[in-house]
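Below is work31.pdb, holding PDB, C-alpha atoms.
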ATOM      1  CA  MET K   1     -84.978 -11.837  73.667  1.00  0.00           C
ATOM      2  CA  GLY K   2     -88.694 -11.258  73.715  1.00  0.00           C
ATOM      3  CA  LEU K   3     -90.307  -8.004  74.754  1.00  0.00           C
ATOM      4  CA  HIS K   4     -91.784  -9.703  77.828  1.00  0.00           C
ATOM      5  CA  LEU K   5     -88.217 -10.401  79.065  1.00  0.00           C
ATOM      6  CA  LEU K   6     -86.633  -7.162  77.854  1.00  0.00           C
ATOM      7  CA  LEU K   7     -88.934  -4.772  79.768  1.00  0.00           C
ATOM      8  CA  PRO K   8     -88.390  -6.347  83.219  1.00  0.00           C
ATOM      9  CA  ALA K   9     -84.640  -6.540  82.564  1.00  0.00           C
ATOM     10  CA  LEU K  10     -84.597  -2.843  81.629  1.00  0.00           C
ATOM     11  CA  PHE K  11     -86.624  -1.972  84.743  1.00  0.00           C
ATOM     12  CA  PHE K  12     -84.254  -3.836  87.064  1.00  0.00           C
ATOM     13  CA  ALA K  13     -81.178  -2.385  85.337  1.00  0.00           C
ATOM     14  CA  CYS K  14     -82.482   1.162  85.792  1.00  0.00           C
ATOM     15  CA  SER K  15     -83.566   0.511  89.391  1.00  0.00           C
ATOM     16  CA  ALA K  16     -79.893   0.067  90.278  1.00  0.00           C
ATOM     17  CA  PHE K  17     -79.546   3.786  89.558  1.00  0.00           C
ATOM     18  CA  ALA K  18     -82.536   4.921  91.620  1.00  0.00           C
ATOM     19  CA  GLN K  19     -80.251   6.626  94.126  1.00  0.00           C
ATOM     20  CA  HIS K  20     -78.890   9.581  92.214  1.00  0.00           C
ATOM     21  CA  PRO K  21     -75.563  11.208  93.079  1.00  0.00           C
ATOM     22  CA  ARG K  22     -75.434  13.618  95.999  1.00  0.00           C
ATOM     23  CA  PHE K  23     -71.795  14.475  95.445  1.00  0.00           C
ATOM     24  CA  GLU K  24     -69.428  14.100  92.477  1.00  0.00           C
ATOM     25  CA  ILE K  25     -65.733  14.781  92.005  1.00  0.00           C
ATOM     26  CA  GLY K  26     -64.076  14.417  88.629  1.00  0.00           C
ATOM     27  CA  VAL K  27     -61.542  15.393  86.014  1.00  0.00           C
ATOM     28  CA  GLN K  28     -62.030  16.531  82.439  1.00  0.00           C
ATOM     29  CA  ALA K  29     -60.299  17.505  79.229  1.00  0.00           C
ATOM     30  CA  ALA K  30     -61.799  20.350  77.234  1.00  0.00           C
ATOM     31  CA  VAL K  31     -61.255  22.561  74.243  1.00  0.00           C
ATOM     32  CA  LEU K  32     -62.055  26.287  74.268  1.00  0.00           C
ATOM     33  CA  ASP K  33     -62.451  28.012  70.898  1.00  0.00           C
ATOM     34  CA  GLU K  34     -60.935  31.482  71.434  1.00  0.00           C
ATOM     35  CA  ARG K  35     -60.067  32.028  67.770  1.00  0.00           C
ATOM     36  CA  ASP K  36     -62.384  35.031  67.364  1.00  0.00           C
ATOM     37  CA  ALA K  37     -61.029  36.775  70.466  1.00  0.00           C
ATOM     38  CA  ILE K  38     -57.314  35.960  70.645  1.00  0.00           C
ATOM     39  CA  GLY K  39     -56.674  33.562  67.771  1.00  0.00           C
ATOM     40  CA  GLU K  40     -56.258  30.318  69.752  1.00  0.00           C
ATOM     41  CA  LYS K  41     -58.097  27.064  70.436  1.00  0.00           C
ATOM     42  CA  PRO K  42     -56.285  25.566  73.442  1.00  0.00           C
ATOM     43  CA  LEU K  43     -56.693  22.132  74.977  1.00  0.00           C
ATOM     44  CA  MET K  44     -57.577  22.447  78.671  1.00  0.00           C
ATOM     45  CA  ALA K  45     -57.639  20.043  81.589  1.00  0.00           C
ATOM     46  CA  GLY K  46     -58.992  20.403  85.080  1.00  0.00           C
ATOM     47  CA  GLY K  47     -61.210  19.212  87.869  1.00  0.00           C
ATOM     48  CA  ARG K  48     -64.789  19.561  88.980  1.00  0.00           C
ATOM     49  CA  VAL K  49     -66.904  19.183  92.121  1.00  0.00           C
ATOM     50  CA  THR K  50     -70.702  18.940  92.091  1.00  0.00           C
ATOM     51  CA  ALA K  51     -73.072  18.800  95.070  1.00  0.00           C
ATOM     52  CA  ARG K  52     -76.831  18.254  94.979  1.00  0.00           C
ATOM     53  CA  ILE K  53     -78.805  21.068  96.596  1.00  0.00           C
ATOM     54  CA  LEU K  54     -82.355  20.073  95.612  1.00  0.00           C
ATOM     55  CA  GLN K  55     -83.815  17.187  93.614  1.00  0.00           C
ATOM     56  CA  ILE K  56     -83.256  19.006  90.291  1.00  0.00           C
ATOM     57  CA  LEU K  57     -80.608  21.589  91.279  1.00  0.00           C
ATOM     58  CA  ASP K  58     -76.872  21.095  91.815  1.00  0.00           C
ATOM     59  CA  ALA K  59     -73.989  23.419  92.657  1.00  0.00           C
ATOM     60  CA  ASP K  60     -71.118  22.967  90.205  1.00  0.00           C
ATOM     61  CA  ILE K  61     -67.518  24.256  90.434  1.00  0.00           C
ATOM     62  CA  GLU K  62     -64.943  23.693  87.694  1.00  0.00           C
ATOM     63  CA  ILE K  63     -61.306  24.784  87.323  1.00  0.00           C
ATOM     64  CA  ASN K  64     -59.370  24.340  84.066  1.00  0.00           C
ATOM     65  CA  ARG K  65     -55.816  25.171  83.035  1.00  0.00           C
ATOM     66  CA  PHE K  66     -54.733  25.821  79.440  1.00  0.00           C
ATOM     67  CA  PRO K  67     -52.837  24.898  77.365  1.00  0.00           C
ATOM     68  CA  VAL K  68     -52.031  21.331  78.372  1.00  0.00           C
ATOM     69  CA  GLY K  69     -50.585  18.317  76.601  1.00  0.00           C
ATOM     70  CA  GLY K  70     -47.477  20.082  75.328  1.00  0.00           C
ATOM     71  CA  GLY K  71     -49.529  22.738  73.561  1.00  0.00           C
ATOM     72  CA  GLN K  72     -48.199  26.233  73.045  1.00  0.00           C
ATOM     73  CA  SER K  73     -50.194  29.366  73.724  1.00  0.00           C
ATOM     74  CA  SER K  74     -49.491  33.060  73.526  1.00  0.00           C
ATOM     75  CA  PHE K  75     -52.200  33.559  76.162  1.00  0.00           C
ATOM     76  CA  PRO K  76     -52.062  30.731  78.760  1.00  0.00           C
ATOM     77  CA  GLY K  77     -54.449  30.909  81.676  1.00  0.00           C
ATOM     78  CA  THR K  78     -56.764  29.411  84.248  1.00  0.00           C
ATOM     79  CA  GLN K  79     -60.550  29.233  83.957  1.00  0.00           C
ATOM     80  CA  VAL K  80     -62.755  29.136  87.080  1.00  0.00           C
ATOM     81  CA  LEU K  81     -66.535  28.601  86.779  1.00  0.00           C
ATOM     82  CA  MET K  82     -68.974  28.346  89.711  1.00  0.00           C
ATOM     83  CA  GLY K  83     -72.710  28.075  89.372  1.00  0.00           C
ATOM     84  CA  ALA K  84     -75.730  25.871  88.978  1.00  0.00           C
ATOM     85  CA  ARG K  85     -76.870  22.992  86.878  1.00  0.00           C
ATOM     86  CA  ALA K  86     -80.514  21.981  86.786  1.00  0.00           C
ATOM     87  CA  GLY K  87     -81.930  18.886  85.226  1.00  0.00           C
ATOM     88  CA  TYR K  88     -83.424  15.476  85.330  1.00  0.00           C
ATOM     89  CA  HIS K  89     -82.208  11.950  86.087  1.00  0.00           C
ATOM     90  CA  ALA K  90     -83.701   9.062  84.153  1.00  0.00           C
ATOM     91  CA  GLY K  91     -82.216   5.709  85.046  1.00  0.00           C
ATOM     92  CA  PRO K  92     -78.487   5.835  84.392  1.00  0.00           C
ATOM     93  CA  PHE K  93     -78.736   9.166  82.527  1.00  0.00           C
ATOM     94  CA  GLY K  94     -78.689  12.767  83.686  1.00  0.00           C
ATOM     95  CA  LEU K  95     -79.547  15.664  81.382  1.00  0.00           C
ATOM     96  CA  PHE K  96     -78.834  19.167  82.679  1.00  0.00           C
ATOM     97  CA  ALA K  97     -78.714  22.832  81.732  1.00  0.00           C
ATOM     98  CA  LYS K  98     -75.875  24.850  83.246  1.00  0.00           C
ATOM     99  CA  LEU K  99     -75.343  28.498  84.102  1.00  0.00           C
ATOM    100  CA  ARG K 100     -71.976  29.190  85.699  1.00  0.00           C
ATOM    101  CA  PRO K 101     -70.402  32.624  86.086  1.00  0.00           C
ATOM    102  CA  GLY K 102     -66.679  32.877  86.723  1.00  0.00           C
ATOM    103  CA  PHE K 103     -63.512  34.259  85.229  1.00  0.00           C
ATOM    104  CA  VAL K 104     -60.506  33.520  83.071  1.00  0.00           C
ATOM    105  CA  ALA K 105     -57.172  34.600  84.600  1.00  0.00           C
ATOM    106  CA  PHE K 106     -54.582  35.008  81.846  1.00  0.00           C
ATOM    107  CA  ASP K 107     -50.895  34.682  82.672  1.00  0.00           C
ATOM    108  CA  ARG K 108     -48.646  37.668  81.984  1.00  0.00           C
ATOM    109  CA  THR K 109     -46.818  37.080  78.711  1.00  0.00           C
ATOM    110  CA  GLN K 110     -45.077  39.247  76.177  1.00  0.00           C
ATOM    111  CA  TYR K 111     -48.193  38.944  73.979  1.00  0.00           C
ATOM    112  CA  GLY K 112     -50.828  39.784  76.566  1.00  0.00           C
ATOM    113  CA  PRO K 113     -49.349  41.429  79.656  1.00  0.00           C
ATOM    114  CA  HIS K 114     -52.542  43.394  80.305  1.00  0.00           C
ATOM    115  CA  LEU K 115     -55.240  40.756  79.795  1.00  0.00           C
ATOM    116  CA  GLY K 116     -55.302  39.817  83.506  1.00  0.00           C
ATOM    117  CA  LYS K 117     -58.524  38.423  84.950  1.00  0.00           C
ATOM    118  CA  ARG K 118     -61.604  38.562  82.696  1.00  0.00           C
ATOM    119  CA  PRO K 119     -65.244  37.852  83.657  1.00  0.00           C
ATOM    120  CA  ALA K 120     -66.823  34.806  82.025  1.00  0.00           C
ATOM    121  CA  LEU K 121     -70.254  33.152  81.862  1.00  0.00           C
ATOM    122  CA  ASP K 122     -70.730  29.512  80.831  1.00  0.00           C
ATOM    123  CA  MET K 123     -74.164  28.491  79.487  1.00  0.00           C
ATOM    124  CA  GLY K 124     -74.981  25.126  77.966  1.00  0.00           C
ATOM    125  CA  GLY K 125     -75.905  21.521  78.492  1.00  0.00           C
ATOM    126  CA  ILE K 126     -74.535  18.436  80.241  1.00  0.00           C
ATOM    127  CA  LEU K 127     -75.114  14.727  79.646  1.00  0.00           C
ATOM    128  CA  GLU K 128     -74.013  12.310  82.357  1.00  0.00           C
ATOM    129  CA  ILE K 129     -74.077   8.532  82.270  1.00  0.00           C
ATOM    130  CA  TYR K 130     -73.865   6.850  85.701  1.00  0.00           C
ATOM    131  CA  SER K 131     -72.718   3.329  86.444  1.00  0.00           C
ATOM    132  CA  SER K 132     -73.599   1.261  89.487  1.00  0.00           C
ATOM    133  CA  TYR K 133     -69.868   1.255  90.288  1.00  0.00           C
ATOM    134  CA  HIS K 134     -70.067   4.941  91.307  1.00  0.00           C
ATOM    135  CA  VAL K 135     -68.271   6.122  88.182  1.00  0.00           C
ATOM    136  CA  ALA K 136     -69.860   8.518  85.708  1.00  0.00           C
ATOM    137  CA  VAL K 137     -69.003   9.902  82.286  1.00  0.00           C
ATOM    138  CA  ARG K 138     -69.815  13.572  81.675  1.00  0.00           C
ATOM    139  CA  ILE K 139     -70.060  15.411  78.350  1.00  0.00           C
ATOM    140  CA  ASP K 140     -70.417  19.219  78.424  1.00  0.00           C
ATOM    141  CA  TYR K 141     -71.258  21.530  75.549  1.00  0.00           C
ATOM    142  CA  GLY K 142     -71.492  25.227  76.151  1.00  0.00           C
ATOM    143  CA  ASP K 143     -71.051  28.838  75.178  1.00  0.00           C
ATOM    144  CA  VAL K 144     -68.509  30.644  77.353  1.00  0.00           C
ATOM    145  CA  VAL K 145     -68.952  34.405  77.076  1.00  0.00           C
ATOM    146  CA  VAL K 146     -65.774  36.286  78.029  1.00  0.00           C
ATOM    147  CA  TRP K 147     -65.476  40.043  78.343  1.00  0.00           C
ATOM    148  CA  TYR K 148     -62.116  41.210  76.977  1.00  0.00           C
ATOM    149  CA  GLY K 149     -62.470  44.895  77.855  1.00  0.00           C
ATOM    150  CA  PRO K 150     -61.723  47.094  74.834  1.00  0.00           C
ATOM    151  CA  ARG K 151     -61.703  43.970  72.628  1.00  0.00           C
ATOM    152  CA  GLY K 152     -65.380  43.458  73.466  1.00  0.00           C
ATOM    153  CA  THR K 153     -67.390  40.425  74.528  1.00  0.00           C
ATOM    154  CA  HIS K 154     -66.773  37.148  72.705  1.00  0.00           C
ATOM    155  CA  HIS K 155     -68.824  33.952  72.625  1.00  0.00           C
ATOM    156  CA  GLN K 156     -66.568  30.891  72.717  1.00  0.00           C
ATOM    157  CA  LEU K 157     -67.573  27.271  72.190  1.00  0.00           C
ATOM    158  CA  GLN K 158     -66.329  24.963  74.946  1.00  0.00           C
ATOM    159  CA  MET K 159     -66.676  21.184  74.824  1.00  0.00           C
ATOM    160  CA  SER K 160     -65.434  18.811  77.492  1.00  0.00           C
ATOM    161  CA  PHE K 161     -65.350  15.127  78.309  1.00  0.00           C
ATOM    162  CA  GLY K 162     -64.816  13.929  81.846  1.00  0.00           C
ATOM    163  CA  VAL K 163     -64.964  11.082  84.304  1.00  0.00           C
ATOM    164  CA  SER K 164     -66.176  11.430  87.865  1.00  0.00           C
ATOM    165  CA  PHE K 165     -66.763   9.417  90.995  1.00  0.00           C
ATOM    166  CA  TRP K 166     -70.115   9.841  92.701  1.00  0.00           C
ATOM    167  CA  TYR K 167     -71.858   8.869  95.902  1.00  0.00           C
TER     168      TYR K 167
END
As C-alpha cells, please, write out the structure in this file.
Amino acid sequence: MGLHLLLPALFFACSAFAQHPRFEIGVQAAVLDERDAIGEKPLMAGGRVTARILQILDADIEINRFPVGGGQSSFPGTQVLMGARAGYHAGPFGLFAKLRPGFVAFDRTQYGPHLGKRPALDMGGILEIYSSYHVAVRIDYGDVVVWYGPRGTHHQLQMSFGVSFWY
C-alpha cells in the first residue's frame, strides 16, 4: 500500500475515535509487590470507574481484593484508591499520569491482627487503547506507597491489566 493511500486510511481510522470516553467502567487483574514490607507478592483483582471532569483530567476510583485465583496470603486485604488521572488522547490511544490516594485494609489474621487499615498513595502511568466498539484495554504501572506504622513507609510496584467499557 502506497503512502498516498496509507495516510488517508490512518486519518479515517483515527477519526472514529474522535469522541473520547466520558465514562468508563472496567475490571482488572493486578500484582502488588509487597515483598519488602510483608514478604508477599499477591495477585489482585477488582473493578474501576473513571469519569471525565475536564478535557485532560479524569476522576478514577479503583477497588482490588487480594489474594485471588486460589493464592494464599498471610496478609489478605482490600485496596481502595481514589484520585485523578491527567493525560492526552491521540486517536485510539490514551496516555495518562495518575495520582490516587487511598488505603489498604488488611484482614485480621493470626499473622497480622494489628495491621488494620493503612494509608496508601498510587503514582504512575496508564496506557489505554480504545476501540470503536466501546471497549478499551488498560495497562497501569505504578508505585504504591503504603505506610505500615512502626514498620515504616514502603514503595511497592503495582502492575495491572484491565478491560473496560466506555461511552
Could you tell me which of K:Phe93, K:Tyr141, K:Tyr88, K:Tyr130 comes closest to Ser164 of chain K if we count only C-alpha atoms?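 Ranking K:Phe93, K:Tyr141, K:Tyr88, K:Tyr130 by distance to Ser164 of chain K, first place goes to K:Tyr130.
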For Gly125 of chain K: contacts at 6 Å, all atoms listed in the file, fewer than 3 positions along chain excluded, given as a short mmCIF file (atom, residue, chain, number, x, y, z; two decimals) with C-alpha atoms, in the coordinates of the input:
data_model
loop_
_atom_site.label_atom_id
_atom_site.label_comp_id
_atom_site.auth_asym_id
_atom_site.auth_seq_id
_atom_site.Cartn_x
_atom_site.Cartn_y
_atom_site.Cartn_z
CA PHE K 96 -78.83 19.17 82.68
CA ALA K 97 -78.71 22.83 81.73
CA LYS K 98 -75.88 24.85 83.25
CA ASP K 140 -70.42 19.22 78.42
CA TYR K 141 -71.26 21.53 75.55
#
Selection near Pro150 of chain K, 12 Å with only C-alpha atoms, sequence-local residues under 5 positions removed, as a PDB file with C-alpha atoms, in the frame of the given file:
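Result went into selection-v2.pdb, see below:
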ATOM      1  CA  ALA K  37     -61.029  36.775  70.466  1.00  0.00           C
ATOM      2  CA  HIS K 114     -52.542  43.394  80.305  1.00  0.00           C
ATOM      3  CA  LEU K 115     -55.240  40.756  79.795  1.00  0.00           C
ATOM      4  CA  ARG K 118     -61.604  38.562  82.696  1.00  0.00           C
TER       5      ARG K 118
END
One decimal, Å: what's the distance from atom CA of Gly83 of chain K over to atom CA of Val144 of chain K, could you say?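 For atom CA of Gly83 of chain K relative to atom CA of Val144 of chain K, the distance reads 13.0 Å.
For the file at hand, the PyMOL selection byres ((chain K and resi 45) around 6) resolves to K:Gln28, K:Ala29, K:Met44, K:Gly46, K:Asn64, K:Arg65.
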Evaluate the PyMOL selection byres ((chain K and resi 74) around 10) on the structure here and hand back the selected residues as a ChimeraX atom specification. /K:38-40,67,72-73,75-77,106-112
Using only C-alpha atoms, please write the residues we just selected to a file, as an mmCIF file, in the frame of the given file.
data_model
loop_
_atom_site.group_PDB
_atom_site.id
_atom_site.type_symbol
_atom_site.label_atom_id
_atom_site.label_comp_id
_atom_site.auth_asym_id
_atom_site.auth_seq_id
_atom_site.Cartn_x
_atom_site.Cartn_y
_atom_site.Cartn_z
ATOM 1 C CA ILE K 38 -57.314 35.960 70.645
ATOM 2 C CA GLY K 39 -56.674 33.562 67.771
ATOM 3 C CA GLU K 40 -56.258 30.318 69.752
ATOM 4 C CA PRO K 67 -52.837 24.898 77.365
ATOM 5 C CA GLN K 72 -48.199 26.233 73.045
ATOM 6 C CA SER K 73 -50.194 29.366 73.724
ATOM 7 C CA PHE K 75 -52.200 33.559 76.162
ATOM 8 C CA PRO K 76 -52.062 30.731 78.760
ATOM 9 C CA GLY K 77 -54.449 30.909 81.676
ATOM 10 C CA PHE K 106 -54.582 35.008 81.846
ATOM 11 C CA ASP K 107 -50.895 34.682 82.672
ATOM 12 C CA ARG K 108 -48.646 37.668 81.984
ATOM 13 C CA THR K 109 -46.818 37.080 78.711
ATOM 14 C CA GLN K 110 -45.077 39.247 76.177
ATOM 15 C CA TYR K 111 -48.193 38.944 73.979
ATOM 16 C CA GLY K 112 -50.828 39.784 76.566
#
What gap, in Å, lies between atom CA of Phe161 of chain K and atom CA of Ile139 of chain K? 4.7 Å
Dig up all the protein and nucleic acid residues within 6 Å of (-74.5, 13.8, 82.1) in the file frame, using all atoms listed in the file, and format them as a PyMOL selection string. chain K and resi 94-95+126-129+138
Residues from last step as file, C-alpha atoms, as a short mmCIF file (atom, residue, chain, number, x, y, z; two decimals), in the frame of the given file:
data_model
loop_
_atom_site.label_atom_id
_atom_site.label_comp_id
_atom_site.auth_asym_id
_atom_site.auth_seq_id
_atom_site.Cartn_x
_atom_site.Cartn_y
_atom_site.Cartn_z
CA GLY K 94 -78.69 12.77 83.69
CA LEU K 95 -79.55 15.66 81.38
CA ILE K 126 -74.54 18.44 80.24
CA LEU K 127 -75.11 14.73 79.65
CA GLU K 128 -74.01 12.31 82.36
CA ILE K 129 -74.08 8.53 82.27
CA ARG K 138 -69.82 13.57 81.68
#
Using the chain letters and numbers from this file, what does the PyMOL selection byres ((chain K and resi 155) around 8) select? Give the answer as a list in words.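 Expected selection for the PyMOL selection byres ((chain K and resi 155) around 8) here is Asp143, Val144, Val145, Val146, Thr153, His154, Gln156 and Leu157 of chain K.
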Pick out the closest residue to Ala84 of chain K from this set: K:Glu24, K:Ala51, K:Val104, K:Val68. Count all atoms listed in the file.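 Closest to Ala84 of chain K, using all atoms listed in the file: K:Ala51.
With all atoms listed in the file as the basis for measurement, K:Val137 is the residue among K:Met159, K:Ile53, K:Pro101, K:Val137 that approaches Ile25 of chain K most closely.
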Could you rebuild segment 18-33 of chain K with N, CA and C atoms and give it back as a PDB file, in the frame of the given file?
ATOM      1  N   ALA K  18     -81.484   4.127  91.000  1.00  0.00           N
ATOM      2  CA  ALA K  18     -82.536   4.921  91.620  1.00  0.00           C
ATOM      3  C   ALA K  18     -81.980   5.957  92.589  1.00  0.00           C
ATOM      4  N   GLN K  19     -80.874   5.664  93.243  1.00  0.00           N
ATOM      5  CA  GLN K  19     -80.251   6.626  94.126  1.00  0.00           C
ATOM      6  C   GLN K  19     -79.295   7.472  93.290  1.00  0.00           C
ATOM      7  N   HIS K  20     -79.690   8.710  93.065  1.00  0.00           N
ATOM      8  CA  HIS K  20     -78.890   9.581  92.214  1.00  0.00           C
ATOM      9  C   HIS K  20     -77.801  10.254  93.031  1.00  0.00           C
ATOM     10  N   PRO K  21     -76.722  10.659  92.375  1.00  0.00           N
ATOM     11  CA  PRO K  21     -75.563  11.208  93.079  1.00  0.00           C
ATOM     12  C   PRO K  21     -75.904  12.419  93.940  1.00  0.00           C
ATOM     13  N   ARG K  22     -75.336  12.441  95.132  1.00  0.00           N
ATOM     14  CA  ARG K  22     -75.434  13.618  95.999  1.00  0.00           C
ATOM     15  C   ARG K  22     -74.176  14.448  95.890  1.00  0.00           C
ATOM     16  N   PHE K  23     -73.079  13.799  95.523  1.00  0.00           N
ATOM     17  CA  PHE K  23     -71.795  14.475  95.445  1.00  0.00           C
ATOM     18  C   PHE K  23     -70.963  13.814  94.356  1.00  0.00           C
ATOM     19  N   GLU K  24     -70.289  14.619  93.538  1.00  0.00           N
ATOM     20  CA  GLU K  24     -69.428  14.100  92.477  1.00  0.00           C
ATOM     21  C   GLU K  24     -68.107  14.849  92.499  1.00  0.00           C
ATOM     22  N   ILE K  25     -67.034  14.158  92.185  1.00  0.00           N
ATOM     23  CA  ILE K  25     -65.733  14.781  92.005  1.00  0.00           C
ATOM     24  C   ILE K  25     -65.112  14.145  90.778  1.00  0.00           C
ATOM     25  N   GLY K  26     -64.580  14.981  89.867  1.00  0.00           N
ATOM     26  CA  GLY K  26     -64.076  14.417  88.629  1.00  0.00           C
ATOM     27  C   GLY K  26     -63.018  15.256  87.954  1.00  0.00           C
ATOM     28  N   VAL K  27     -62.534  14.727  86.850  1.00  0.00           N
ATOM     29  CA  VAL K  27     -61.542  15.393  86.014  1.00  0.00           C
ATOM     30  C   VAL K  27     -62.089  15.453  84.591  1.00  0.00           C
ATOM     31  N   GLN K  28     -61.576  16.413  83.815  1.00  0.00           N
ATOM     32  CA  GLN K  28     -62.030  16.531  82.439  1.00  0.00           C
ATOM     33  C   GLN K  28     -60.932  17.113  81.561  1.00  0.00           C
ATOM     34  N   ALA K  29     -61.089  16.859  80.272  1.00  0.00           N
ATOM     35  CA  ALA K  29     -60.299  17.505  79.229  1.00  0.00           C
ATOM     36  C   ALA K  29     -61.287  18.292  78.390  1.00  0.00           C
ATOM     37  N   ALA K  30     -60.880  19.483  77.961  1.00  0.00           N
ATOM     38  CA  ALA K  30     -61.799  20.350  77.234  1.00  0.00           C
ATOM     39  C   ALA K  30     -61.047  21.110  76.159  1.00  0.00           C
ATOM     40  N   VAL K  31     -61.810  21.660  75.239  1.00  0.00           N
ATOM     41  CA  VAL K  31     -61.255  22.561  74.243  1.00  0.00           C
ATOM     42  C   VAL K  31     -62.092  23.833  74.271  1.00  0.00           C
ATOM     43  N   LEU K  32     -61.409  24.975  74.241  1.00  0.00           N
ATOM     44  CA  LEU K  32     -62.055  26.287  74.268  1.00  0.00           C
ATOM     45  C   LEU K  32     -61.689  27.009  72.986  1.00  0.00           C
ATOM     46  N   ASP K  33     -62.682  27.364  72.186  1.00  0.00           N
ATOM     47  CA  ASP K  33     -62.451  28.012  70.898  1.00  0.00           C
ATOM     48  C   ASP K  33     -62.383  29.531  71.092  1.00  0.00           C
TER      49      ASP K  33
END
